[in-house]
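Taking it in order: structure first as structure tokens, then the write-up.
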Amino acid sequence: MRSGEVIACHVLQEGKAEIVNDVQSDPRYIQPGENMIHSLICAHLTTQSGKIGVINISSTNPVEYTAQDLKLFTALTSQAAAAIENALLHENKLREERIKSNLERYLSP
């Protein structure tokens, strides 16, 4: 992860979503370039296979995210993680079917 994603790295490692309403006062935050971020919500993406990533919502304006915002956001990230896992499983199944099809061409039934 890049240096501006230290909060995201912490959320991924701990497996706990987080609100940071003033990122400038958080020692884990390092300004990534010219974009001035003020507030963010960060949640991890976890599937049955394990942790796959993090999603952030950030604001350049002062915003006071609430516990209710965090609850909604974690519900959405949970759904996103499930959709990503389903897509990966489908991709693996298609890959296995292509391999099987290629092998069947060269082997007799």
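Following the order of the structure tokens, first chain is A, next is B, and so on, with residues numbered from 1 inside each chain and ligands from 1 in the order they appear.
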
(message) Write out as a PyMOL selection string the set of residues from chain A that DSSP, computed on the backbone, places in helix (DSSP H, G or I).
(response) chain A and resi 3-14+23-25+67-106

(request) Would you mind listing what lies within 10 Å of A:Leu12 as a list in words, with only C-alpha atoms counted and same-chain residues fewer than 2 positions away left out? (result) Val6, Ile7, Ala8, Cys9, His10, Glu14, Gly15, Lys16, Ala17, Cys42, Ala43, His44, Leu45, Thr46, Lys51, Ile52, Gly53, Val54 and Ile55 of chain A

Deliver the residues from the most recent selection as a file, using N, CA and C atoms, as a CSV table (one decimal), in the first residue's frame.
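The result, written out as part29.csv:
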chain,number,residue,atom,x,y,z
A,6,VAL,N,-2.2,4.5,4.9
A,6,VAL,CA,-1.8,3.9,6.2
A,6,VAL,C,-3.1,3.6,7.0
A,7,ILE,N,-4.1,4.4,7.0
A,7,ILE,CA,-5.3,4.2,7.7
A,7,ILE,C,-6.0,2.9,7.1
A,8,ALA,N,-6.0,2.9,5.8
A,8,ALA,CA,-6.6,1.7,5.1
A,8,ALA,C,-5.9,0.4,5.5
A,9,CYS,N,-4.5,0.5,5.5
A,9,CYS,CA,-3.7,-0.7,5.9
A,9,CYS,C,-4.1,-1.1,7.3
A,10,HIS,N,-4.2,-0.2,8.2
A,10,HIS,CA,-4.6,-0.5,9.6
A,10,HIS,C,-6.0,-1.2,9.7
A,14,GLU,N,-6.6,-4.9,11.0
A,14,GLU,CA,-7.4,-5.1,12.2
A,14,GLU,C,-8.8,-5.7,11.9
A,15,GLY,N,-9.2,-5.6,10.7
A,15,GLY,CA,-10.5,-6.1,10.3
A,15,GLY,C,-11.7,-5.4,10.9
A,16,LYS,N,-11.5,-4.1,11.2
A,16,LYS,CA,-12.5,-3.3,11.8
A,16,LYS,C,-12.7,-2.0,11.1
A,17,ALA,N,-13.9,-1.7,10.6
A,17,ALA,CA,-14.2,-0.5,9.9
A,17,ALA,C,-14.0,0.7,10.9
A,42,CYS,N,-13.6,4.1,6.3
A,42,CYS,CA,-12.8,3.1,5.7
A,42,CYS,C,-13.3,1.7,6.3
A,43,ALA,N,-13.6,0.8,5.4
A,43,ALA,CA,-14.0,-0.6,5.8
A,43,ALA,C,-13.3,-1.6,4.9
A,44,HIS,N,-13.1,-2.8,5.6
A,44,HIS,CA,-12.4,-3.9,4.9
A,44,HIS,C,-13.4,-4.7,4.1
A,45,LEU,N,-12.8,-5.4,3.1
A,45,LEU,CA,-13.6,-6.4,2.3
A,45,LEU,C,-13.1,-7.7,2.7
A,46,THR,N,-14.0,-8.6,3.3
A,46,THR,CA,-13.6,-9.9,3.7
A,46,THR,C,-14.5,-10.9,3.2
A,51,LYS,N,-9.2,-11.8,3.7
A,51,LYS,CA,-9.3,-10.4,3.4
A,51,LYS,C,-8.8,-10.1,2.0
A,52,ILE,N,-9.6,-9.3,1.3
A,52,ILE,CA,-9.3,-9.0,-0.1
A,52,ILE,C,-9.0,-7.5,-0.4
A,53,GLY,N,-9.4,-6.6,0.5
A,53,GLY,CA,-9.1,-5.2,0.3
A,53,GLY,C,-9.9,-4.3,1.2
A,54,VAL,N,-9.8,-3.0,0.8
A,54,VAL,CA,-10.4,-2.0,1.6
A,54,VAL,C,-11.1,-1.0,0.7
A,55,ILE,N,-12.2,-0.4,1.2
A,55,ILE,CA,-12.9,0.6,0.5
A,55,ILE,C,-13.0,1.8,1.4

(request) Measuring atom to atom with only C-alpha atoms, identify which of A:Leu76, A:Ala82, A:Val63, A:Ile19 is nearest to A:Gly50. (result)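 Answer, going by the shortest atom-to-atom distance: A:Ala82.
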
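Taking atom CA of A:Lys71 and atom CA of A:Val23 as endpoints, the distance between them is 19.7 Å.
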
(request) Would you please work out which residue, of A:Glu85, A:Glu104, A:Glu34, A:Asp26, is nearest to A:Thr60 when using only C-alpha atoms? (result)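 Smallest separation from A:Thr60 among the options: A:Glu34.
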
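Nearest to A:Ser25 of all the residues A:Gln79, A:Thr74, A:Gln48, A:Ser39 is A:Ser39, based on only C-alpha atoms.
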